[in-house]
Protein chains: 2
Amino acid sequence: MTEKINLAEKLTLLDRPYLPGIVGYINDYKLQIVKIKGPFVWHKHDDTDDFFMVLKGRITIQLRDRDVELEEGEIFVVPQGVEHCPTADEEAHVLLIEPRDTVNTGDSGGELTAEPLQL
Amino acid sequence: MTEKINLAEKLTLLDRPYLPGIVGYINDYKLQIVKIKGPFVWHKHDDTDDFFMVLKGRITIQLRDRDVELEEGEIFVVPQGVEHCPTADEEAHVLLIEPRDTVNTGDSGGELTAEPLQL
């Protein structure tokens, strides 16, 4: 049987920005936490929407036509196929939900591509 | 294009416990908020896991063999097919994620069965 997940405790296990950590699953989706600081990489996911919820701090999800500013307790779902680039001036903490096989950098690849930790 | 979702603002639109409100979607999953106060109904979902995240307050997810106590910032995923009954002594606010066609009372039905509001 699964146990409950305390997100703040799990976040202490991540030692750098943009290293995703899997804290659980719902069906074939992974529940991930990540620390955001500075710009990530422009990318898109051709097969899935992308769920962001801010747990601490604030982030900007840059889209090609506008910026979405998110604070604690706010959610934004990036639609399938839409290019985006998350960024944050100060370290912020985020809950991400995506299908299990989703790669963090989507179609872009590059040095920030990371296999998530199993927390 | 979708807009960001402020969960605290959306929660003000729910006027009673156990009335679910849909705030968005990720693929074929609905993002729902609900106020919990007092016991819900024992039920299970034969086709899906069930995601609970406490946004405010604290809840107990009763299982047949134990209670799971959840505070703000904590998540519990009830596995597919497992009987559960959420409850809370004081009003608490929760984010739920389930497939779009999931009925709130699962296999049990009864008077708390509710079509979610579209918020």
# chains A, B, ... in the order shown; residues from 1 in each chain; ligands from 1
>>> interface_residues(of="chain B", to="chain A", cutoff="12 Å", atoms="only C-alpha atoms", output="JSON, numbers by chain")
{"B": [1, 2, 3, 4, 5, 6, 7, 8, 9, 10, 11, 23, 24, 25, 26, 27, 28, 29, 30, 31, 32, 47, 48, 49, 50, 51, 52, 53, 54, 55, 56, 60, 61, 63, 65, 66, 67, 68, 69, 70, 71, 72, 73, 74, 75, 76, 77, 78, 79, 80, 81, 82, 93, 94, 95, 96, 97, 98, 99]}
>>> select_by_dssp(residues="chain B", states="helix (DSSP H, G or I)", output="compact mmCIF listing (two decimals) with all heavy atoms, in the first residue's frame")
# COMPACT_ATOMS: atom_id res chain seq x y z
N LEU B 7 -6.34 28.58 -7.02
CA LEU B 7 -7.20 27.63 -6.31
C LEU B 7 -7.98 28.29 -5.18
O LEU B 7 -9.16 27.98 -4.97
CB LEU B 7 -6.37 26.47 -5.78
CG LEU B 7 -5.73 25.60 -6.87
CD1 LEU B 7 -4.82 24.56 -6.25
CD2 LEU B 7 -6.80 24.91 -7.73
N ALA B 8 -7.36 29.22 -4.46
CA ALA B 8 -8.06 29.89 -3.35
C ALA B 8 -9.26 30.68 -3.87
O ALA B 8 -10.35 30.65 -3.28
CB ALA B 8 -7.10 30.79 -2.59
N GLU B 9 -9.08 31.36 -5.00
CA GLU B 9 -10.21 32.11 -5.57
C GLU B 9 -11.33 31.16 -6.01
O GLU B 9 -12.51 31.42 -5.77
CB GLU B 9 -9.75 32.92 -6.80
CG GLU B 9 -8.94 34.15 -6.44
CD GLU B 9 -8.42 34.85 -7.69
OE1 GLU B 9 -8.84 34.52 -8.82
OE2 GLU B 9 -7.55 35.73 -7.53
N LYS B 10 -10.96 30.09 -6.65
CA LYS B 10 -11.98 29.14 -7.13
C LYS B 10 -12.74 28.52 -5.96
O LYS B 10 -13.94 28.23 -6.06
CB LYS B 10 -11.33 28.04 -7.97
CG LYS B 10 -10.72 28.53 -9.27
CD LYS B 10 -11.75 29.01 -10.26
CE LYS B 10 -11.14 29.27 -11.63
NZ LYS B 10 -12.12 29.89 -12.54
N LEU B 11 -12.03 28.30 -4.85
CA LEU B 11 -12.68 27.67 -3.70
C LEU B 11 -13.80 28.53 -3.12
O LEU B 11 -14.75 28.00 -2.53
CB LEU B 11 -11.63 27.33 -2.63
CG LEU B 11 -10.93 25.99 -2.91
CD1 LEU B 11 -9.55 25.95 -2.31
CD2 LEU B 11 -11.78 24.82 -2.40
>>> atom_distance(atom1="CA of Asn104 in chain B", atom2="CA of Thr102 in chain A")
28.3 Å
>>> residues_around(residues="Pro17 in chain A", least_positions_apart="3", cutoff="8 Å", atoms="only C-alpha atoms", output="list in words")
Leu14, Val34, Lys35, Ile36, Lys37 and Glu91 of chain A
>>> write_last_selection(atoms="C-alpha atoms", output="PDB file, in the first residue's frame")
ATOM      1  CA  LEU A  14      16.673  17.714  -4.423  1.00  0.00           C
ATOM      2  CA  VAL A  34      11.250  20.201  -9.048  1.00  0.00           C
ATOM      3  CA  LYS A  35      13.097  23.318  -7.944  1.00  0.00           C
ATOM      4  CA  ILE A  36      13.109  26.082 -10.524  1.00  0.00           C
ATOM      5  CA  LYS A  37      15.737  28.811 -10.660  1.00  0.00           C
ATOM      6  CA  GLU A  91      14.283  29.474  -6.283  1.00  0.00           C
TER       7      GLU A  91
END
>>> select_by_dssp(residues="chain A", states="strand (DSSP E)", output="ChimeraX atom specification")
/A:5-6,21-26,29-36,50-56,58-63,67-71,74-78,84-87,92-99,117-118
>>> atom_distance(atom1="CA of Gly109 in chain B", atom2="CA of Lys44 in chain B")
10.5 Å
